[in-house]
Every structure is written in C-alpha cells, then in structure tokens.
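What follows is one structure encoded as structure tokens, with my remarks underneath.
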Amino acid sequence: MTKILMVCLGNICRSPLAHGILESKLPSDTFIVDSAGTGDYHIGKSPDHRSIATAKQNGIDISNQKCRQFKPSDFDTYDIIYVMDQSNYANVIKLARDTDDRAKVKLILEDAEIEDGLEVPDPYWGDAEDFDKVYALLDDACTKIAAKLTT
C-alpha cells in the first residue's frame, strides 16, 4: 500500500482538491491519499466551500474531508508528501528528522514536470475562477503523477 499526503497552508483549498483529485485517479486497493496543512487555522473543519463546489463540478466529492495539521509522525505514515508551494515545502522540511524524511517531500508540480513556476497558487483570496484554475493545474499534475505511480 502506497500512502500519499497532500500539504498546503490551511488544508482547506489546495490540498483537499489535490487529495480528492489524486484519490479519484488511483486504485484504492493499493493507494491511500490524505491531506494536511502546515498551519493550525482550520483543524477539524471542512474544506473551503469553494473547493467543495469546484470538486463537485468535476465529479469529485471532498465534502467529508476534515482539516488537520501536518505533524512529524506523518513522515512515518506516508511514502510521498506533495506540497503545493515553496513556503509549505520549507515548513515541512523544517520538521524533517533526517534525510529519509526530506527525500519524501516534493513540490507537486515539479514531480509532475509542469513548468508553471512550480507552485500551485493559493486561491483563498480569489474567486471561483481562481479555484477553477487551481483545479485544472492539480488535475493535470495528478494525471501525470497517477500515470507514473501505476506504470
């Protein structure tokens, strides 16, 4: 069983979308996908209503996800940790205990070989169009990652 964790700042916009998208593209009998945030702002809450709506528009239900904060023990639980931007990367790497932990952390767009600045923009302060753009970017990335992981 391969376990993958998606990480953004608050675990309400980008990482829940990435979680839902990648989960929909991988067989559930061999992959587990989850998400977390580096901040503690929204622990126990549902994803942002705009992320839920954007996912739903695309046939994915993320409404049952609950926000949680990334913790050092996640390095023991997960095989791959995808972060959405450089700031999240730095925050997760700070919690890494050794080179094995650090090796698990990847920028999601870099691993998917997408040349768009390698950061998924945070749509929180934007509108529905910003969430749609983030969805499209993550869908492309997750399609490429799923293909890599299942071949």
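Naming works like this for the structure tokens: A, B, ... for the chains as they're shown, residue 1 at the start of each chain, ligands 1 onward in shown order.
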Using only C-alpha atoms, what table do you get, as CSV, when you list each residue of range 94-114 of chain A with an atom no more than 12 Å from range 124-141 of chain A, its nearest pair of atoms, and their distance in Å rounded to one decimal, rows by chain then rising number?
```
residue,atom,partner,partner_atom,distance
A:Leu107,CA,A:Ala141,CA,10.5
A:Ile108,CA,A:Ala141,CA,7.0
A:Leu109,CA,A:Ala141,CA,6.0
A:Glu110,CA,A:Ala141,CA,8.9
A:Asp111,CA,A:Ala141,CA,8.1
A:Ala112,CA,A:Ala141,CA,5.1
A:Glu113,CA,A:Ala141,CA,7.9
A:Ile114,CA,A:Ala141,CA,7.1
```
Task: Proximity to Lys94 in chain A - best of A:Pro72, A:Tyr41, A:Tyr78, A:Gly20, only C-alpha atoms - done: A:Pro72
TODO: Based on DSSP run over this structure's backbone, return all residues of range 63-148 of chain A in strand (DSSP E or B), as a VMD selection string.
DONE: chain A and resid 69 80 to 83 105 to 107
Please produce a file of those selected residues containing C-alpha atoms, as a PDB file, in the first residue's frame.
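Everything below was put into out.pdb:
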```pdb
ATOM      1  CA  GLN A  69      -2.260  19.922  10.746  1.00  0.00           C
ATOM      2  CA  ILE A  80       5.273  10.570  -0.590  1.00  0.00           C
ATOM      3  CA  ILE A  81       4.461  14.061   0.688  1.00  0.00           C
ATOM      4  CA  TYR A  82       3.402  16.531  -2.001  1.00  0.00           C
ATOM      5  CA  VAL A  83       3.491  20.204  -1.071  1.00  0.00           C
ATOM      6  CA  VAL A 105       8.863  15.780   0.316  1.00  0.00           C
ATOM      7  CA  LYS A 106       8.245  17.021  -3.232  1.00  0.00           C
ATOM      8  CA  LEU A 107       6.684  20.037  -4.895  1.00  0.00           C
TER       9      LEU A 107
END
```
TODO: Quick one: everything within 10 Å of range 9-14 of chain A, counting only C-alpha atoms, minus sequence neighbours fewer than 2 positions away in the same chain. Send it as a VMD selection string.
DONE: chain A and resid 6 to 7 16 to 19 35 to 43 45 to 52 65 to 70 83 to 85 87 to 88 91 120 to 124 131 134 to 135 138
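Using only C-alpha atoms, the smallest distance between any of A:Leu26, A:Gly117, A:Asn58, A:Leu5 and Lys71 in chain A comes from A:Leu5.
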Task: Nearest to Ile32 in chain A, chosen from A:Leu95, A:Ala103, A:Met1, A:Ala90, with only C-alpha atoms counted in the distances - done: A:Met1
TODO: Kindly give the distance, in Å, that separates CA of Phe75 in chain A and CA of Lys104 in chain A, rounded to a single decimal.
DONE: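 Those two atoms sit 7.7 Å apart.
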TODO: Please give the complete set of residues from chain A that DSSP, run on the backbone, assigns to alpha helix (DSSP H), formatted as a ChimeraX atom specification.
DONE: /A:14-25,49-57,74-77,86-95,99-103,108-111,128-149
Task: Length of the CA of Asp76 in chain A to CA of Ala55 in chain A vector [Å] - done: 29.1 Å
